[in-house]
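Student: My questions all concern the structure below.
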Amino acid sequence: MRGEGDYFQIASSKAEGSLNRRFRLRCFVKHHRSSYPPESLREAVEPSLGFGAGSNGGSLAMLEVGARQGHRGIALRAAHMQGAPPGAEVHAITFEYQGKMPVGRSAEAAQAPAGTLLSTLPGERPATATLAPPAPFSGEGRYVGTSPTSHSWTGTLAVQFPGLLQPLAGPEFASTFCVVSPLVERYGCDFQPPDWQWAEG
């Protein structure tokens with residue numbers, strides 16, 4: 001007997017050996033595992049901001065805006081998180097149906113530099129915030145809240161999604177702004193406008 005490449009040679013008329021048997025194993029399941037319904041195409045495509053309006057999520061300052069333009073929903077969140085370096089996290093999403101196909105878009109500036117989100121301090125009136133994030137965002141938006149029932153979100157802020165330049169400011173956008181203050185118990189915010197809802201499409 002020769003090994004491959006002649007790395008060994010054996011010449012013998014007998015040799016010790018052993019016979020091993022392998023048994024098939026059959027498992028019996030007493031209770032079948034619960035099956036979850038498959039995820040819908042919309043659930044797989046629709047983006048999320050991560051946490052909803054009205055929850056500061058550990059942020060020191062948070063601005064959220066949203067609008068519905070035709071069949072397209074648009075939302076933006078900018079937050080300076082507790083313990084984070086100067087700057088802000090900025091995230092924008094859109095969702096719509098093109099025919100029967102759901103289309104979701106998402107863009108973010110996860111570590112936007114200092115000066116991205118500038119706001120008044122707790123107790124200052126009127127409460128204001130200016131948002132000017134880096135690419136893929138452009139322009140800036142300005143929030144002014146003169147009272148819990150009167151606030152505005154204006155400017156040239158936009159985001160460049162693949163194949164879509166989406167404005168993110170204007171009179172059709174609802175807005176909400178929170179600056180954390182330990183002196184106010186509800187939501188921990190010094191200034192919290194009422195919860196806003198999507199406009200009827």
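Each chain in the structure tokens gets a letter, A, B, ..., in the order shown, and its residues are numbered from 1; ligands are numbered from 1 in order too.
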Which residues in region 52-172 of chain A does DSSP call strand (DSSP E)? List them as an NGL selection string.
Tutor: :A and (59-69 or 72-81 or 88-98 or 101-112 or 117-119 or 127-131 or 137-138 or 141-147 or 150-155 or 158-161 or 164-167)
Student: Kindly export the residues of the current selection with C-alpha atoms, as a PDB file, in the first residue's frame.
Tutor:
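File result.pdb, as written:
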ATOM      1  CA  SER A  59     -31.508  63.254  26.305  1.00  0.00           C
ATOM      2  CA  LEU A  60     -30.742  66.715  27.647  1.00  0.00           C
ATOM      3  CA  ALA A  61     -32.380  68.418  24.672  1.00  0.00           C
ATOM      4  CA  MET A  62     -34.574  66.852  22.017  1.00  0.00           C
ATOM      5  CA  LEU A  63     -36.345  68.259  18.994  1.00  0.00           C
ATOM      6  CA  GLU A  64     -38.837  66.251  16.944  1.00  0.00           C
ATOM      7  CA  VAL A  65     -40.757  67.325  13.858  1.00  0.00           C
ATOM      8  CA  GLY A  66     -43.040  65.553  11.438  1.00  0.00           C
ATOM      9  CA  ALA A  67     -45.341  66.067   8.492  1.00  0.00           C
ATOM     10  CA  ARG A  68     -47.416  64.202   5.965  1.00  0.00           C
ATOM     11  CA  GLN A  69     -47.081  65.279   2.355  1.00  0.00           C
ATOM     12  CA  ARG A  72     -45.487  60.321   2.384  1.00  0.00           C
ATOM     13  CA  GLY A  73     -44.842  60.484   6.110  1.00  0.00           C
ATOM     14  CA  ILE A  74     -41.761  62.415   7.244  1.00  0.00           C
ATOM     15  CA  ALA A  75     -40.152  62.542  10.676  1.00  0.00           C
ATOM     16  CA  LEU A  76     -37.002  64.063  12.147  1.00  0.00           C
ATOM     17  CA  ARG A  77     -35.380  63.752  15.553  1.00  0.00           C
ATOM     18  CA  ALA A  78     -32.364  65.631  16.876  1.00  0.00           C
ATOM     19  CA  ALA A  79     -31.115  64.983  20.401  1.00  0.00           C
ATOM     20  CA  HIS A  80     -28.154  65.742  22.613  1.00  0.00           C
ATOM     21  CA  MET A  81     -27.866  62.684  24.810  1.00  0.00           C
ATOM     22  CA  ALA A  88     -26.195  65.968  18.563  1.00  0.00           C
ATOM     23  CA  GLU A  89     -27.608  62.806  17.027  1.00  0.00           C
ATOM     24  CA  VAL A  90     -29.818  63.600  14.019  1.00  0.00           C
ATOM     25  CA  HIS A  91     -32.070  61.063  12.315  1.00  0.00           C
ATOM     26  CA  ALA A  92     -34.632  61.559   9.526  1.00  0.00           C
ATOM     27  CA  ILE A  93     -36.996  59.044   7.930  1.00  0.00           C
ATOM     28  CA  THR A  94     -39.717  58.908   5.294  1.00  0.00           C
ATOM     29  CA  PHE A  95     -42.240  56.210   4.451  1.00  0.00           C
ATOM     30  CA  GLU A  96     -44.711  55.924   1.595  1.00  0.00           C
ATOM     31  CA  TYR A  97     -46.317  53.510  -0.820  1.00  0.00           C
ATOM     32  CA  GLN A  98     -45.417  53.664  -4.488  1.00  0.00           C
ATOM     33  CA  MET A 101     -44.697  48.762  -2.880  1.00  0.00           C
ATOM     34  CA  PRO A 102     -43.740  50.225   0.541  1.00  0.00           C
ATOM     35  CA  VAL A 103     -40.700  52.509   0.357  1.00  0.00           C
ATOM     36  CA  GLY A 104     -38.787  53.579   3.465  1.00  0.00           C
ATOM     37  CA  ARG A 105     -35.829  55.934   3.596  1.00  0.00           C
ATOM     38  CA  SER A 106     -33.512  56.736   6.485  1.00  0.00           C
ATOM     39  CA  ALA A 107     -30.565  59.088   6.991  1.00  0.00           C
ATOM     40  CA  GLU A 108     -28.590  60.089  10.052  1.00  0.00           C
ATOM     41  CA  ALA A 109     -25.692  62.067  11.387  1.00  0.00           C
ATOM     42  CA  ALA A 110     -24.878  59.913  14.403  1.00  0.00           C
ATOM     43  CA  GLN A 111     -22.140  62.147  15.841  1.00  0.00           C
ATOM     44  CA  ALA A 112     -22.828  65.601  14.452  1.00  0.00           C
ATOM     45  CA  LEU A 117     -28.224  71.755  17.911  1.00  0.00           C
ATOM     46  CA  LEU A 118     -28.294  75.045  19.808  1.00  0.00           C
ATOM     47  CA  SER A 119     -31.114  75.746  22.257  1.00  0.00           C
ATOM     48  CA  ALA A 127     -37.822  78.553  24.052  1.00  0.00           C
ATOM     49  CA  THR A 128     -35.828  78.288  20.828  1.00  0.00           C
ATOM     50  CA  ALA A 129     -33.657  75.765  19.026  1.00  0.00           C
ATOM     51  CA  THR A 130     -31.588  75.951  15.855  1.00  0.00           C
ATOM     52  CA  LEU A 131     -30.635  72.751  14.020  1.00  0.00           C
ATOM     53  CA  PHE A 137     -28.430  67.218   5.686  1.00  0.00           C
ATOM     54  CA  SER A 138     -28.251  70.795   4.421  1.00  0.00           C
ATOM     55  CA  GLY A 141     -34.245  74.769  10.830  1.00  0.00           C
ATOM     56  CA  ARG A 142     -35.397  77.051  13.645  1.00  0.00           C
ATOM     57  CA  TYR A 143     -37.875  76.237  16.386  1.00  0.00           C
ATOM     58  CA  VAL A 144     -39.600  79.011  18.349  1.00  0.00           C
ATOM     59  CA  GLY A 145     -42.034  78.228  21.147  1.00  0.00           C
ATOM     60  CA  THR A 146     -43.695  81.246  22.694  1.00  0.00           C
ATOM     61  CA  SER A 147     -46.212  79.214  24.725  1.00  0.00           C
ATOM     62  CA  SER A 150     -47.911  78.400  20.045  1.00  0.00           C
ATOM     63  CA  HIS A 151     -44.734  77.188  18.408  1.00  0.00           C
ATOM     64  CA  SER A 152     -43.257  77.117  14.908  1.00  0.00           C
ATOM     65  CA  TRP A 153     -40.646  75.237  12.889  1.00  0.00           C
ATOM     66  CA  THR A 154     -39.243  77.075   9.879  1.00  0.00           C
ATOM     67  CA  GLY A 155     -36.123  77.252   7.721  1.00  0.00           C
ATOM     68  CA  ALA A 158     -33.438  69.362   4.036  1.00  0.00           C
ATOM     69  CA  VAL A 159     -31.965  65.863   3.744  1.00  0.00           C
ATOM     70  CA  GLN A 160     -30.578  64.118   0.672  1.00  0.00           C
ATOM     71  CA  PHE A 161     -31.946  60.578   0.564  1.00  0.00           C
ATOM     72  CA  LEU A 164     -34.905  62.240  -3.099  1.00  0.00           C
ATOM     73  CA  LEU A 165     -34.095  65.684  -1.701  1.00  0.00           C
ATOM     74  CA  GLN A 166     -36.618  66.025   1.147  1.00  0.00           C
ATOM     75  CA  PRO A 167     -37.384  69.375   2.857  1.00  0.00           C
TER      76      PRO A 167
END
Student: Among region 34-112 of chain A, which residues does DSSP mark as alpha helix (DSSP H) when it is run on the backbone? Keep the chain and numbering as in the structure and answer as a PyMOL selection string.
Tutor: chain A and resi 41-45
Student: May I ask for the distance between CA of Cys178 (chain A) and CA of Gly139 (chain A), given in Å to one decimal place?
Tutor: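 So the answer is 21.9 Å.
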Student: Give me, please, the distance in Å between CA of Leu121 (chain A) and CA of Val179 (chain A), quoted to one decimal.
Tutor: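 Those two atoms sit 7.2 Å apart.
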Student: What's the separation between CA of Leu157 (chain A) and CA of Arg125 (chain A), in Å to one decimal place?
Tutor: 23.6 Å
